[in-house]
Amino acid sequence: MKFCKRYEEYIQGRREKELPAVGLKKLKKTLKRCRREFQSRHLHQDGGGEGDGSKHNGNCAVCDGTFFPSLLEEMSAVVGCFNQRAQKLLELHLASGFHKYIMWFRGKSSQDHGAMIQQGKDLVSYALINSIAMRKILKKYDKIHYSNRGQAFRSKALSMHIEILQSPWLCELMAFYVNMRQGKTKNKAIVRLFGDCSLTFDDDGKPALSCGLFDSMKVEIDLTCSICLDTVFDPVALTCGHLFCYMCCCSAASVTIVDGLKAASPKAKCPLCRREGVHAGAVHLDELNILLSHSCPDYWEKRLRTERGERVLQAKEHWQSLSRAFMGM
């Protein structure tokens with residue numbers, strides 16, 4: 001089955017959930033109309049000959065006014081919806097104490113264990129299939145126009161944080177339902193449901209989160225901090241999508257762990273991709289933290305002992321500087 005048909009069937013099956021989607025069918029029709037008009041114009045210029053498949057030059061008058069604006073609007077809606085629903089689900093799962101009681105009282109925590117897992121699975125599938133749809137339609141645009149404007153749009157999407165695979169909530173959701181599967185769930189049907197998502201280790205013991213879709217498409221998230229070159233500890237994701245240890249990231253941004261990443265300069269760059277302004281919206285990956293602490297207990301305990309002293313020292317220096325400032329020293 002072709003991807004476009006499979007995608008349309010997937011979206012049709014979720015109409016009742018009111019999830020925004022990429023208008024793949026509409027965008028493909030726009031590209032087909034563009035190709036027909038280009039071929040017709042090219043044949044006319046050649047005096048009715050077969051033509052030599054010459055390339056588009058400059059902008060495309062047929063589809064550029066609607067294609068990219070439509071795709072941009074649709075992808076923004078998809079990413080916004082995904083982030084909002086994922087954050088709400090994870091907040092519900094991690095709630096404890098008085099907060100959990102308040103959520104129960106408001107009726108937000110009425111879902112059972114299996115329903116939460118299914119919702120997490122659905123959200124991950126929603127993210128992956130929409131990312132694939134965007135990549136395929138941009139690849140088709142470049143093929144028809146003999147250009148690289150589709151790839152340029154992808155780069156723009158990354159800088160605008162509307163590439164759904166760079167969302168930190170995707171990593172958190174994958175960790176979430178691996179945690180749920182390894183935790184209370186004993187239902188074999190639920191275990192099979194999540195058999196395509198797992199935490200794996202390579203020959204050097206480096207972990208990665210992987211998840212498959214449609215038996216052939218797979219996304220893999222490397223869980224190695226590119227600063228200390230070890231497994232991320234107390235992981236945090238910047239808005240560009242890159243993962244780091246919290247202390248490593250604070251050090252790279254020239255802020256203390258007490259001040260936090262929100263205190264980083266707007267000009268501070270991601271240590272990996274060098275984009276600016278990616279620290280203010282950083283997300284602490286609590287579900288991933290739980291997963292790695294359970295999966296790598298010896299390493300986790302070692303890092304905990306190592307960082308405890310540094311955290312205490314930074315906190316002490318912070319309060320001493322505040323005291324000196326208060327006393328006018």
# chains A, B, ... in the order shown; residues from 1 in each chain; ligands from 1
$ residues_around --residues "region 18-34 of chain A" --least-positions-apart "6" --cutoff "7 Å" --atoms "only C-alpha atoms" --output "list in words"
Cys4, Val62, Cys63, Phe67, Leu71, Glu74, Met75, Ala77, Val78, Asn130, Ala133 and Tyr141 of chain A
$ residues_around --residues "Leu223 (chain A)" --least-positions-apart "4" --cutoff "6 Å" --atoms "only C-alpha atoms" --output "JSON, numbers by chain"
{"A": [207, 208, 231, 232]}
$ atom_distance --atom1 "CA of Tyr177 (chain A)" --atom2 "CA of Gly120 (chain A)"
6.5 Å
$ atom_distance --atom1 "CA of Pro235 (chain A)" --atom2 "CA of Gly212 (chain A)"
23.1 Å
$ closest_residue --among "A:Ser167, A:Thr239, A:Ser254, A:Asn179" --to "Asn289 (chain A)" --atoms "only C-alpha atoms"
A:Asn179
$ closest_residue --among "A:Gln151, A:Leu123, A:Asp234, A:Tyr246" --to "Lys136 (chain A)" --atoms "only C-alpha atoms"
A:Gln151
$ atom_distance --atom1 "CA of Ala263 (chain A)" --atom2 "CA of Tyr299 (chain A)"
29.4 Å
$ closest_atom_pairs --of "region 98-177 of chain A" --to "region 292-295 of chain A" --cutoff "12 Å" --atoms "only C-alpha atoms" --output "Markdown table"
| residue | atom | partner | partner_atom | distance |
| --- | --- | --- | --- | --- |
| A:Glu172 | CA | A:Leu292 | CA | 11.9 |
| A:Ala175 | CA | A:Leu292 | CA | 9.0 |
| A:Phe176 | CA | A:Leu292 | CA | 11.4 |
$ closest_residue --among "A:Cys211, A:Ala86, A:Ile144, A:Leu165" --to "Met116 (chain A)" --atoms "only C-alpha atoms"
A:Ala86
$ select_by_dssp --residues "region 122-316 of chain A" --states "helix (DSSP H, G or I)" --output "ChimeraX atom specification"
/A:122-145,149-159,164-166,168-182,188-193,246-252,261-263,286-295,297-316
$ closest_residue --among "A:Ser76, A:Ser159, A:Gln182, A:Thr224" --to "Phe201 (chain A)" --atoms "only C-alpha atoms"
A:Thr224
$ closest_residue --among "A:Thr66, A:Gln166, A:Ser198, A:Ser147" --to "Asn83 (chain A)" --atoms "only C-alpha atoms"
A:Gln166
